[in-house]
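Source file: run-v7.csv. Holds: CSV, C-alpha atoms and all ligand atoms.
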```csv
chain,number,residue,atom,x,y,z
R,8,MET,CA,13.8,-6.3,11.1
R,9,THR,CA,15.2,-9.8,11.2
R,10,GLU,CA,17.2,-10.7,14.3
R,11,HIS,CA,20.7,-9.4,13.8
R,12,LYS,CA,23.5,-9.0,16.3
R,13,LEU,CA,25.1,-5.6,16.2
R,14,LYS,CA,28.6,-7.0,16.2
R,15,GLY,CA,31.6,-7.2,13.8
R,16,LEU,CA,33.0,-5.1,11.0
R,17,TYR,CA,30.9,-2.0,10.2
R,18,ALA,CA,31.9,-0.7,6.8
R,19,ILE,CA,31.2,2.9,5.9
R,20,THR,CA,31.2,4.0,2.3
R,21,ASP,CA,33.1,6.9,0.9
R,22,PRO,CA,32.3,8.7,-2.4
R,23,VAL,CA,35.9,9.7,-2.8
R,24,LEU,CA,37.2,6.1,-2.7
R,25,MET,CA,34.2,4.8,-4.6
R,26,PRO,CA,33.3,7.7,-7.0
R,27,THR,CA,30.9,5.9,-9.3
R,28,GLU,CA,27.8,3.8,-8.7
R,29,ALA,CA,29.6,0.7,-10.1
R,30,LYS,CA,32.6,1.2,-7.9
R,31,MET,CA,30.4,1.7,-4.8
R,32,ILE,CA,28.4,-1.5,-5.5
R,33,THR,CA,31.5,-3.5,-6.2
R,34,GLY,CA,33.3,-2.2,-3.2
R,35,VAL,CA,30.4,-2.9,-0.8
R,36,GLN,CA,29.9,-6.4,-2.4
R,37,GLN,CA,33.5,-7.2,-1.7
R,38,ALA,CA,33.3,-5.9,1.9
R,39,LEU,CA,30.2,-8.0,2.5
R,40,ALA,CA,31.9,-11.1,0.9
R,41,GLY,CA,34.8,-10.5,3.4
R,42,GLY,CA,32.4,-10.6,6.3
R,43,ALA,CA,31.2,-7.0,6.9
R,44,ARG,CA,28.0,-7.2,9.0
R,45,VAL,CA,26.8,-3.6,8.8
R,46,ILE,CA,27.1,-1.1,5.9
R,47,GLN,CA,26.6,2.6,6.3
R,48,TYR,CA,25.9,4.6,3.2
R,49,ARG,CA,27.7,7.9,3.9
R,50,ASP,CA,27.6,10.6,1.3
R,51,LYS,CA,27.4,14.1,2.6
R,52,HIS,CA,26.1,15.5,-0.7
R,53,PRO,CA,22.4,16.5,-0.8
R,54,GLN,CA,19.9,13.8,-1.7
R,55,THR,CA,19.4,13.1,-5.4
R,56,ALA,CA,17.7,10.5,-7.5
R,57,GLU,CA,21.1,8.9,-8.0
R,58,LYS,CA,21.7,8.6,-4.3
R,59,LEU,CA,18.3,6.9,-3.8
R,60,LYS,CA,19.1,4.5,-6.6
R,61,ILE,CA,22.5,3.6,-5.0
R,62,ALA,CA,20.8,3.3,-1.6
R,63,LYS,CA,18.2,0.9,-3.0
R,64,SER,CA,20.9,-1.2,-4.6
R,65,LEU,CA,22.9,-1.3,-1.4
R,66,LYS,CA,19.9,-2.4,0.5
R,67,GLN,CA,19.3,-5.4,-1.9
R,68,LEU,CA,23.0,-6.3,-1.7
R,69,CYS,CA,23.0,-6.2,2.1
R,70,GLU,CA,19.9,-8.4,2.2
R,71,SER,CA,21.6,-11.0,0.1
R,72,PHE,CA,24.4,-11.2,2.7
R,73,SER,CA,22.0,-10.9,5.7
R,74,ALA,CA,23.8,-7.7,6.6
R,75,LEU,CA,22.3,-4.4,7.7
R,76,LEU,CA,22.2,-1.1,5.7
R,77,LEU,CA,22.2,2.1,7.7
R,78,ILE,CA,22.0,5.5,6.1
R,79,ASN,CA,24.2,8.3,7.5
R,80,ASP,CA,22.4,11.5,8.5
R,81,ASP,CA,19.3,11.3,6.2
R,82,VAL,CA,16.2,9.8,7.8
R,83,GLU,CA,14.1,10.5,4.7
R,84,LEU,CA,16.5,8.6,2.5
R,85,ALA,CA,16.5,5.7,5.0
R,86,ASN,CA,12.7,5.6,4.7
R,87,LEU,CA,12.7,5.8,0.9
R,88,CYS,CA,15.1,3.0,0.4
R,89,ASN,CA,13.7,0.9,3.3
R,90,ALA,CA,17.1,0.8,5.0
R,91,ASP,CA,17.5,-1.0,8.3
R,92,GLY,CA,18.2,2.3,10.0
R,93,VAL,CA,20.2,5.5,10.3
R,94,HIS,CA,23.3,6.8,12.0
R,95,LEU,CA,22.8,10.2,13.6
R,96,GLY,CA,25.4,12.7,15.0
R,97,GLN,CA,25.0,15.6,17.3
R,98,GLU,CA,24.3,18.0,14.4
R,99,ASP,CA,21.7,15.6,12.8
R,100,MET,CA,18.0,15.0,13.5
R,101,ALA,CA,17.3,14.3,17.2
R,102,ILE,CA,17.0,10.6,17.9
R,103,ASN,CA,13.5,10.9,19.3
R,104,ASN,CA,12.3,12.7,16.2
R,105,ALA,CA,14.0,10.1,14.0
R,106,ARG,CA,12.4,7.3,16.0
R,107,ALA,CA,8.9,8.9,15.5
R,108,ILE,CA,9.5,8.8,11.8
R,109,LEU,CA,11.2,5.4,11.4
R,110,GLY,CA,9.2,3.5,14.0
R,111,PRO,CA,10.3,1.1,16.7
R,112,ASP,CA,11.9,-1.6,14.6
R,113,LYS,CA,14.6,0.5,12.7
R,114,ILE,CA,18.1,0.8,14.1
R,115,ILE,CA,19.3,4.2,15.2
R,116,GLY,CA,23.0,4.7,15.9
R,117,ALA,CA,24.3,7.7,17.8
R,118,THR,CA,27.6,9.6,17.7
R,119,CYS,CA,28.8,10.1,21.3
R,120,HIS,CA,32.4,11.3,20.6
R,121,ASP,CA,34.2,11.0,24.0
R,122,SER,CA,31.2,11.5,26.2
R,123,LEU,CA,29.3,9.2,28.5
R,124,GLN,CA,26.8,12.1,29.0
R,125,LEU,CA,26.0,12.1,25.2
R,126,ALA,CA,25.7,8.3,25.5
R,127,GLU,CA,23.3,8.6,28.4
R,128,GLN,CA,21.2,11.1,26.3
R,129,ALA,CA,21.3,8.9,23.3
R,130,GLN,CA,20.2,5.8,25.3
R,131,SER,CA,17.3,7.7,26.9
R,132,GLN,CA,16.1,8.9,23.5
R,133,GLY,CA,16.1,5.3,22.2
R,134,ALA,CA,19.4,4.8,20.4
R,135,ASP,CA,20.3,1.2,19.5
R,136,TYR,CA,24.0,1.6,19.6
R,137,LEU,CA,26.6,4.1,20.8
R,138,ALA,CA,29.5,5.2,18.7
R,139,PHE,CA,32.7,6.6,20.2
R,140,GLY,CA,35.7,8.1,18.5
R,141,ARG,CA,37.8,9.1,16.8
R,142,PHE,CA,40.5,7.0,18.3
R,143,PHE,CA,43.3,7.4,15.8
R,144,PRO,CA,44.1,10.0,13.1
R,145,SER,CA,41.5,9.7,10.4
R,146,GLU,CA,42.1,10.1,6.7
R,147,THR,CA,38.4,10.4,6.1
R,148,LYS,CA,37.5,12.9,8.8
R,149,PRO,CA,40.7,14.5,10.1
R,150,GLY,CA,38.8,17.1,12.1
R,151,ALA,CA,36.7,14.7,14.1
R,152,PRO,CA,37.2,15.2,17.9
R,153,ALA,CA,39.6,12.8,19.5
R,154,ALA,CA,38.5,10.3,22.1
R,155,SER,CA,40.5,8.3,24.6
R,156,MET,CA,40.4,4.5,24.5
R,157,ALA,CA,39.3,4.4,28.1
R,158,ILE,CA,35.8,5.7,27.1
R,159,LEU,CA,35.1,2.3,25.6
R,160,SER,CA,35.6,0.3,28.8
R,161,GLN,CA,33.7,3.0,30.8
R,162,ALA,CA,30.8,2.8,28.3
R,163,LYS,CA,30.9,-1.0,28.4
R,164,ARG,CA,30.6,-0.8,32.2
R,165,ASP,CA,27.7,1.7,32.1
R,166,PHE,CA,25.6,0.6,29.2
R,167,THR,CA,24.2,-2.6,27.7
R,168,LEU,CA,23.8,-1.1,24.2
R,169,PRO,CA,26.3,-2.3,21.6
R,170,ILE,CA,29.4,-0.1,21.3
R,171,VAL,CA,31.0,1.1,18.1
R,172,ALA,CA,34.6,2.4,17.8
R,173,ILE,CA,35.4,4.7,14.9
R,174,GLY,CA,38.2,6.8,13.5
R,175,GLY,CA,41.5,5.8,11.9
R,176,ILE,CA,41.0,2.1,12.7
R,177,THR,CA,43.4,-0.1,10.8
R,178,LEU,CA,44.3,-3.8,11.0
R,179,GLU,CA,47.3,-2.8,13.0
R,180,ASN,CA,45.5,-0.9,15.7
R,181,ALA,CA,42.1,-2.8,15.8
R,182,SER,CA,43.0,-5.0,18.7
R,183,ALA,CA,43.1,-2.0,21.2
R,184,PRO,CA,39.4,-1.0,20.8
R,185,LEU,CA,38.3,-4.6,20.7
R,186,LYS,CA,40.2,-5.3,24.0
R,187,GLU,CA,38.5,-2.3,25.6
R,188,GLY,CA,35.1,-3.8,24.7
R,189,ALA,CA,34.0,-2.5,21.3
R,190,ASP,CA,31.4,-4.7,19.7
R,191,MET,CA,31.8,-3.2,16.2
R,192,LEU,CA,34.7,-1.5,14.4
R,193,ALA,CA,33.6,1.2,11.9
R,194,VAL,CA,36.1,1.6,9.2
R,195,VAL,CA,36.3,3.7,6.0
R,196,HIS,CA,39.8,4.2,4.6
R,197,ALA,CA,41.6,1.1,5.9
R,198,LEU,CA,38.9,-1.0,4.3
R,199,PHE,CA,37.9,0.7,1.0
R,200,SER,CA,41.4,1.9,0.0
R,201,ALA,CA,42.6,-1.7,0.0
R,202,THR,CA,43.6,-3.3,-3.2
R,203,ASP,CA,41.8,-6.4,-2.2
R,204,ILE,CA,38.7,-5.2,-0.2
R,205,THR,CA,37.4,-8.8,0.4
R,206,ALA,CA,40.7,-9.9,1.9
R,207,ARG,CA,40.9,-6.7,4.1
R,208,ALA,CA,37.3,-7.2,5.3
R,209,SER,CA,38.1,-10.8,6.1
R,210,ALA,CA,41.2,-9.8,8.1
R,211,PHE,CA,39.2,-7.3,10.1
R,212,SER,CA,36.4,-9.9,10.6
R,213,ASP,CA,38.9,-12.4,11.9
R,214,GLN,CA,39.8,-10.1,14.7
R,215,PHE,CA,36.3,-10.6,16.2
R,216,ARG,CA,37.0,-14.3,16.5
R,217,CYS,CA,40.0,-13.8,18.9
D,1,LIG,C1,29.4,4.5,13.2
D,1,LIG,C2,29.5,6.0,13.1
D,1,LIG,N1,30.0,6.7,14.1
D,1,LIG,C3,30.2,8.0,14.0
D,1,LIG,C4,29.8,8.6,12.9
D,1,LIG,C5,29.9,10.1,12.8
D,1,LIG,O1,28.6,10.7,12.7
D,1,LIG,P1,28.5,12.3,12.7
D,1,LIG,O2,29.1,12.8,13.9
D,1,LIG,O3,27.1,12.7,12.4
D,1,LIG,O4,29.4,12.8,11.5
D,1,LIG,P2,29.2,12.5,9.9
D,1,LIG,O5,29.5,11.0,9.6
D,1,LIG,O6,27.7,12.8,9.6
D,1,LIG,O7,30.1,13.4,9.2
D,1,LIG,C6,29.3,7.9,11.8
D,1,LIG,N2,29.0,8.4,10.6
D,1,LIG,N3,29.2,6.6,11.9
D,2,LIG,C1,32.7,9.5,9.7
D,2,LIG,C2,33.6,9.5,10.9
D,2,LIG,N1,33.2,9.9,12.1
D,2,LIG,C3,34.1,9.9,13.1
D,2,LIG,C4,33.9,10.3,14.5
D,2,LIG,O1,34.9,10.3,15.2
D,2,LIG,O2,32.8,10.7,14.8
D,2,LIG,S1,35.6,9.4,12.4
D,2,LIG,C5,34.9,9.2,10.9
D,2,LIG,C6,35.7,8.7,9.7
D,2,LIG,C7,36.1,7.3,9.9
D,2,LIG,O3,36.9,7.0,8.7
D,2,LIG,P1,38.3,6.3,8.8
D,2,LIG,O4,38.1,4.9,9.1
D,2,LIG,O5,38.8,6.5,7.4
D,2,LIG,O6,39.1,7.1,9.8
D,3,MG,MG,26.1,13.0,10.8
```
Encoded form (structure tokens):
Amino acid sequence: MTEHKLKGLYAITDPVLMPTEAKMITGVQQALAGGARVIQYRDKHPQTAEKLKIAKSLKQLCESFSALLLINDDVELANLCNADGVHLGQEDMAINNARAILGPDKIIGATCHDSLQLAEQAQSQGADYLAFGRFFPSETKPGAPAASMAILSQAKRDFTLPIVAIGGITLENASAPLKEGADMLAVVHALFSATDITARASAFSDQFRC
């Protein structure tokens, strides 16, 4: 992997907002043009040849912007498309098993909800970043367990790994998780539902310069 700082706008794809391959590629291209540094390909449907084709196209696109492509849940798909890594939750493959498959250079992100104990476990298994959330009501995953903003500053104090904030993040509320120490903001709806995705990504990216 080329040296890449895990910092900035982390855009997560949504098959509802981008229902065709063309819409997915265009949407991600616009997010990257606006400054997204990490793309997560998230599609909860089972793996298909079409998903692999999209993942390979997204990898190429990310490379052309020196951005990272991570695959949600599916370590095998990440391997097949030579993604930069995966994002794994508590119901997904264990981090140490994923590490054994992917090798030392790939990025593994871990969902920690509102728990420093989950973060500790993730770190000890070799995670590369810790994701906390959801911080605000989420259009994309309304049932995600809620987290309190204080977990971010506590995690910042206890861990050196990069910290991701996720869940209902919009331009209006983004400053709060950043103030608490988030290194990345993971966003689905407030980014990919925008009429001008590039402008929206750029506005999110600007928040990291403050
Ligand atoms: C950056 C980031 N953080 C958290 C999640 C949620 O992962 P998980 O709990 O496995 O839930 P699903 O996304 O698989 O529904 C994420 N995907 N990305
Ligand atoms: C995929 C996901 N995981 C979450 C968690 O809290 O673990 S919240 C979430 C959805 C994030 O989308 P939006 O920006 O539209 O709220
Ligand atoms: Mg998952």
Test item: residues no farther than 7 Å from ligand LIG 2 (chain D), counting all atoms listed in the file, as a ChimeraX atom specification
/R:118,120,139-141,144-148,151-153,173-176,193-197
Could you give me the residues within 8 Å of ligand MG 3 (chain D), counting all atoms listed in the file, as a PDB file with C-alpha atoms, in the frame of the given file?
```
ATOM      1  CA  ASN R  79      24.200   8.300   7.500  1.00  0.00           C
ATOM      2  CA  ASP R  80      22.400  11.500   8.500  1.00  0.00           C
ATOM      3  CA  HIS R  94      23.300   6.800  12.000  1.00  0.00           C
ATOM      4  CA  LEU R  95      22.800  10.200  13.600  1.00  0.00           C
ATOM      5  CA  GLY R  96      25.400  12.700  15.000  1.00  0.00           C
ATOM      6  CA  GLN R  97      25.000  15.600  17.300  1.00  0.00           C
ATOM      7  CA  GLU R  98      24.300  18.000  14.400  1.00  0.00           C
ATOM      8  CA  ASP R  99      21.700  15.600  12.800  1.00  0.00           C
ATOM      9  CA  THR R 118      27.600   9.600  17.700  1.00  0.00           C
TER      10      THR R 118
END
```
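Non-sequential neighbours of Ala210 in chain R (distance at most 8 Å, separation of 3 or more positions within a chain, all atoms listed in the file) are R:Gly41, R:Leu178, R:Ala206, R:Arg207, R:Asp213, R:Gln214.
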Name all residues at most 9 Å from Cys69 in chain R (count all atoms listed in the file; drop same-chain ones fewer than 4 positions away) and give them as a VMD selection string.
chain R and resid 35 to 36 39 44 to 46 64 to 65 73 to 76
Residue among R:Leu59, R:Ile115, R:Leu198, R:Ala157 lying closest to ligand LIG 1 (chain D), counting all atoms listed in the file:
R:Ile115
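Taking CA of Ser122 in chain R and CA of Arg106 in chain R as endpoints, the distance between them is 21.8 Å.
Our summary of the geometry notes that CA of Leu87 in chain R is positioned 17.0 Å from CA of Lys51 in chain R.
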Kindly give the distance, in Å, that separates CA of Val171 in chain R and CA of Asn103 in chain R, rounded to a single decimal.
20.1 Å
